[in-house]
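Visitor: For reference, the structure I am asking about is given below.
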Amino acid sequence: MDEVTFAATTMAAVFLTQATQDGYQKVREAIGRLIRRSGQEDEATAQLERLDRDRMAVAQASESDREAVVQAAAIAWAPVLARLAESEPVAYAELLALSRQSRPASVVNQHNHGAGTFITGNVDGGLTINHGAGYGRHD
């Protein structure tokens with residue numbers, strides 16, 4: 001799989017799993033605009049209806065089947081998105097930007113204890129590991 005096809009498959013998976021209707025609507029409008037801009041006006045409506053059906057299939061899939069449904073739909077959408085990327089110079093960048101802004105935010109709770117400065121999970125400074133005895137515990 002070449003780089004553009006891989007990126008298009010990844011983008012399609014992100015687009016099909018939009019968490020909110022508003023986010024999906026932005027994606028849908030952008031894809032429609034790109035299809036029309038590439039000179040395929042008559043194909044735009046059919047493709048957008050297909051996108052809606054694929055998204056509905058993902059939403060209705062059981063938790064255990066959802067990943068397989070997303071992958072199948074993303075693989076089917078990859079050639080469409082790759083074609084848009086090749087026919088429209090800005091399409092690839094626009095689709096890539098949309099997929100990056102559409103990713104769900106992740107939250108990580110981290111609890112660090114001990115001496116040293118903790119920066120994003122790394123310890124900068126001294127680190128002492130005491131085996132067998134609890135830190136700060138005196139009997």
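In the structure tokens, the first chain shown is A, the next is B, and so on; residue numbers restart at 1 for each chain, and ligands run from 1 in the order shown.
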Could you list, as an mmCIF file with N, CA and C atoms, in the first residue's frame, every residue within 12 Å of stretch 20-36 of chain A, counting only C-alpha atoms and ignoring same-chain residues fewer than 2 positions away?

Guide:
data_model
loop_
_atom_site.group_PDB
_atom_site.id
_atom_site.type_symbol
_atom_site.label_atom_id
_atom_site.label_comp_id
_atom_site.auth_asym_id
_atom_site.auth_seq_id
_atom_site.Cartn_x
_atom_site.Cartn_y
_atom_site.Cartn_z
ATOM 1 N N MET A 11 -7.642 8.256 6.937
ATOM 2 C CA MET A 11 -8.584 9.382 6.946
ATOM 3 C C MET A 11 -10.022 8.875 6.908
ATOM 4 N N ALA A 12 -10.289 7.908 6.038
ATOM 5 C CA ALA A 12 -11.653 7.382 5.924
ATOM 6 C C ALA A 12 -12.102 6.793 7.251
ATOM 7 N N ALA A 13 -11.237 6.070 7.923
ATOM 8 C CA ALA A 13 -11.591 5.489 9.219
ATOM 9 C C ALA A 13 -11.913 6.588 10.227
ATOM 10 N N VAL A 14 -11.119 7.642 10.231
ATOM 11 C CA VAL A 14 -11.372 8.771 11.143
ATOM 12 C C VAL A 14 -12.706 9.421 10.812
ATOM 13 N N PHE A 15 -12.967 9.637 9.536
ATOM 14 C CA PHE A 15 -14.200 10.306 9.116
ATOM 15 C C PHE A 15 -15.437 9.477 9.467
ATOM 16 N N LEU A 16 -15.348 8.174 9.307
ATOM 17 C CA LEU A 16 -16.500 7.303 9.549
ATOM 18 C C LEU A 16 -16.802 7.119 11.031
ATOM 19 N N THR A 17 -15.866 7.451 11.867
ATOM 20 C CA THR A 17 -16.070 7.262 13.311
ATOM 21 C C THR A 17 -16.189 8.586 14.043
ATOM 22 N N GLN A 18 -16.617 9.612 13.343
ATOM 23 C CA GLN A 18 -16.806 10.921 13.977
ATOM 24 C C GLN A 18 -17.698 10.782 15.204
ATOM 25 N N SER A 38 -13.384 18.457 -8.123
ATOM 26 C CA SER A 38 -12.612 17.613 -9.025
ATOM 27 C C SER A 38 -13.357 17.331 -10.333
ATOM 28 N N GLY A 39 -14.532 17.997 -10.513
ATOM 29 C CA GLY A 39 -15.252 17.876 -11.767
ATOM 30 C C GLY A 39 -16.219 16.704 -11.817
ATOM 31 N N GLN A 40 -16.578 16.152 -10.688
ATOM 32 C CA GLN A 40 -17.470 14.989 -10.647
ATOM 33 C C GLN A 40 -18.790 15.360 -9.966
ATOM 34 N N GLU A 41 -19.378 16.450 -10.396
ATOM 35 C CA GLU A 41 -20.612 16.970 -9.805
ATOM 36 C C GLU A 41 -21.704 15.913 -9.728
ATOM 37 N N ASP A 42 -21.900 15.161 -10.829
ATOM 38 C CA ASP A 42 -22.960 14.160 -10.854
ATOM 39 C C ASP A 42 -22.693 12.997 -9.897
ATOM 40 N N GLU A 43 -21.458 12.757 -9.553
ATOM 41 C CA GLU A 43 -21.087 11.665 -8.658
ATOM 42 C C GLU A 43 -21.174 12.073 -7.180
ATOM 43 N N ALA A 44 -21.183 13.353 -6.890
ATOM 44 C CA ALA A 44 -21.123 13.839 -5.511
ATOM 45 C C ALA A 44 -22.277 13.348 -4.658
ATOM 46 N N THR A 45 -23.498 13.456 -5.148
ATOM 47 C CA THR A 45 -24.668 13.051 -4.365
ATOM 48 C C THR A 45 -24.613 11.568 -4.030
ATOM 49 N N ALA A 46 -24.302 10.752 -5.019
ATOM 50 C CA ALA A 46 -24.230 9.304 -4.796
ATOM 51 C C ALA A 46 -23.129 8.954 -3.794
ATOM 52 N N GLN A 47 -21.992 9.606 -3.905
ATOM 53 C CA GLN A 47 -20.885 9.326 -2.995
ATOM 54 C C GLN A 47 -21.222 9.753 -1.560
ATOM 55 N N LEU A 48 -21.877 10.897 -1.421
ATOM 56 C CA LEU A 48 -22.243 11.363 -0.088
ATOM 57 C C LEU A 48 -23.311 10.466 0.547
ATOM 58 N N GLU A 49 -24.230 9.965 -0.261
ATOM 59 C CA GLU A 49 -25.213 9.010 0.257
ATOM 60 C C GLU A 49 -24.522 7.720 0.697
ATOM 61 N N ARG A 50 -23.535 7.303 -0.072
ATOM 62 C CA ARG A 50 -22.748 6.123 0.298
ATOM 63 C C ARG A 50 -22.000 6.363 1.600
ATOM 64 N N LEU A 51 -21.432 7.559 1.758
ATOM 65 C CA LEU A 51 -20.728 7.912 2.997
ATOM 66 C C LEU A 51 -21.691 7.842 4.187
ATOM 67 N N ASP A 52 -22.905 8.364 4.004
ATOM 68 C CA ASP A 52 -23.914 8.313 5.073
ATOM 69 C C ASP A 52 -24.265 6.867 5.432
ATOM 70 N N ASP A 54 -22.400 4.187 4.998
ATOM 71 C CA ASP A 54 -21.251 3.568 5.664
ATOM 72 C C ASP A 54 -21.126 4.033 7.109
ATOM 73 N N ARG A 55 -21.359 5.314 7.335
ATOM 74 C CA ARG A 55 -21.293 5.825 8.705
ATOM 75 C C ARG A 55 -22.395 5.217 9.560
ATOM 76 N N MET A 56 -23.588 5.060 8.996
ATOM 77 C CA MET A 56 -24.700 4.446 9.726
ATOM 78 C C MET A 56 -24.367 2.993 10.059
ATOM 79 N N ALA A 59 -22.061 3.031 12.966
ATOM 80 C CA ALA A 59 -22.765 3.400 14.196
ATOM 81 C C ALA A 59 -23.643 2.258 14.710
ATOM 82 N N TRP A 77 -13.370 3.293 0.820
ATOM 83 C CA TRP A 77 -13.296 4.739 0.596
ATOM 84 C C TRP A 77 -11.896 5.207 0.196
ATOM 85 N N VAL A 80 -11.371 6.446 -3.401
ATOM 86 C CA VAL A 80 -12.081 7.697 -3.674
ATOM 87 C C VAL A 80 -11.278 8.874 -3.133
ATOM 88 N N LEU A 81 -10.829 8.761 -1.876
ATOM 89 C CA LEU A 81 -10.059 9.846 -1.265
ATOM 90 C C LEU A 81 -8.693 10.006 -1.928
ATOM 91 N N ALA A 82 -8.075 8.894 -2.300
ATOM 92 C CA ALA A 82 -6.780 8.967 -2.987
ATOM 93 C C ALA A 82 -6.934 9.645 -4.347
ATOM 94 N N ARG A 83 -8.024 9.346 -5.055
ATOM 95 C CA ARG A 83 -8.284 9.974 -6.356
ATOM 96 C C ARG A 83 -8.481 11.479 -6.185
ATOM 97 N N LEU A 84 -9.197 11.861 -5.124
ATOM 98 C CA LEU A 84 -9.372 13.290 -4.852
ATOM 99 C C LEU A 84 -8.033 13.953 -4.567
ATOM 100 N N ALA A 85 -7.200 13.266 -3.816
ATOM 101 C CA ALA A 85 -5.884 13.812 -3.473
ATOM 102 C C ALA A 85 -5.022 13.996 -4.716
ATOM 103 N N GLU A 86 -5.134 13.060 -5.655
ATOM 104 C CA GLU A 86 -4.330 13.148 -6.878
ATOM 105 C C GLU A 86 -4.877 14.183 -7.857
ATOM 106 N N SER A 87 -6.210 14.325 -7.928
ATOM 107 C CA SER A 87 -6.793 15.231 -8.905
ATOM 108 C C SER A 87 -6.822 16.679 -8.433
ATOM 109 N N GLU A 88 -6.801 16.868 -7.146
ATOM 110 C CA GLU A 88 -6.844 18.223 -6.581
ATOM 111 C C GLU A 88 -5.620 18.431 -5.703
ATOM 112 N N PRO A 89 -4.721 19.303 -6.064
ATOM 113 C CA PRO A 89 -3.493 19.499 -5.302
ATOM 114 C C PRO A 89 -3.724 19.835 -3.818
ATOM 115 N N VAL A 90 -4.765 20.602 -3.532
ATOM 116 C CA VAL A 90 -5.020 20.993 -2.144
ATOM 117 C C VAL A 90 -5.875 19.977 -1.400
ATOM 118 N N ALA A 91 -6.460 19.047 -2.122
ATOM 119 C CA ALA A 91 -7.377 18.089 -1.507
ATOM 120 C C ALA A 91 -6.684 17.236 -0.455
ATOM 121 N N TYR A 92 -5.512 16.751 -0.789
ATOM 122 C CA TYR A 92 -4.780 15.896 0.143
ATOM 123 C C TYR A 92 -4.521 16.634 1.457
ATOM 124 N N ALA A 93 -4.040 17.857 1.361
ATOM 125 C CA ALA A 93 -3.757 18.648 2.563
ATOM 126 C C ALA A 93 -5.027 18.956 3.343
ATOM 127 N N GLU A 94 -6.101 19.261 2.623
ATOM 128 C CA GLU A 94 -7.371 19.572 3.286
ATOM 129 C C GLU A 94 -7.922 18.348 4.018
ATOM 130 N N LEU A 95 -7.879 17.196 3.348
ATOM 131 C CA LEU A 95 -8.359 15.964 3.975
ATOM 132 C C LEU A 95 -7.492 15.582 5.173
ATOM 133 N N LEU A 96 -6.203 15.735 5.013
ATOM 134 C CA LEU A 96 -5.288 15.425 6.111
ATOM 135 C C LEU A 96 -5.546 16.334 7.309
ATOM 136 N N ALA A 97 -5.744 17.623 7.055
ATOM 137 C CA ALA A 97 -6.034 18.561 8.141
ATOM 138 C C ALA A 97 -7.347 18.203 8.832
ATOM 139 N N LEU A 98 -8.349 17.827 8.052
ATOM 140 C CA LEU A 98 -9.633 17.424 8.631
ATOM 141 C C LEU A 98 -9.487 16.186 9.509
ATOM 142 N N SER A 99 -8.717 15.223 9.048
ATOM 143 C CA SER A 99 -8.564 14.000 9.834
ATOM 144 C C SER A 99 -7.799 14.267 11.123
ATOM 145 N N ARG A 100 -6.867 15.181 11.089
ATOM 146 C CA ARG A 100 -6.103 15.503 12.305
ATOM 147 C C ARG A 100 -6.944 16.269 13.314
ATOM 148 N N GLN A 101 -7.784 17.181 12.855
ATOM 149 C CA GLN A 101 -8.600 17.952 13.793
ATOM 150 C C GLN A 101 -9.765 17.127 14.308
ATOM 151 N N SER A 102 -10.099 16.046 13.626
ATOM 152 C CA SER A 102 -11.249 15.233 13.999
ATOM 153 C C SER A 102 -10.916 14.134 14.988
ATOM 154 N N ARG A 103 -9.660 13.924 15.256
ATOM 155 C CA ARG A 103 -9.298 12.863 16.192
ATOM 156 C C ARG A 103 -9.769 13.215 17.586
ATOM 157 N N PRO A 104 -10.285 12.218 18.290
ATOM 158 C CA PRO A 104 -10.735 12.490 19.657
ATOM 159 C C PRO A 104 -9.549 12.812 20.556
#

Visitor: Separation of atom CA of A:Arg37 and atom CA of A:Ala74, in Å?

Guide: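 Calculated distance between atom CA of A:Arg37 and atom CA of A:Ala74 is 21.8 Å.
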
Visitor: Just how far from atom CA of A:Glu3 is atom CA of A:Ile75, in Å to one decimal?

Guide: 13.8 Å

Visitor: Distance atom CA of A:Thr10-atom CA of A:Val70, one decimal place?

Guide: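 Taking atom CA of A:Thr10 as the start and atom CA of A:Val70 as the end point, the length is 10.2 Å.
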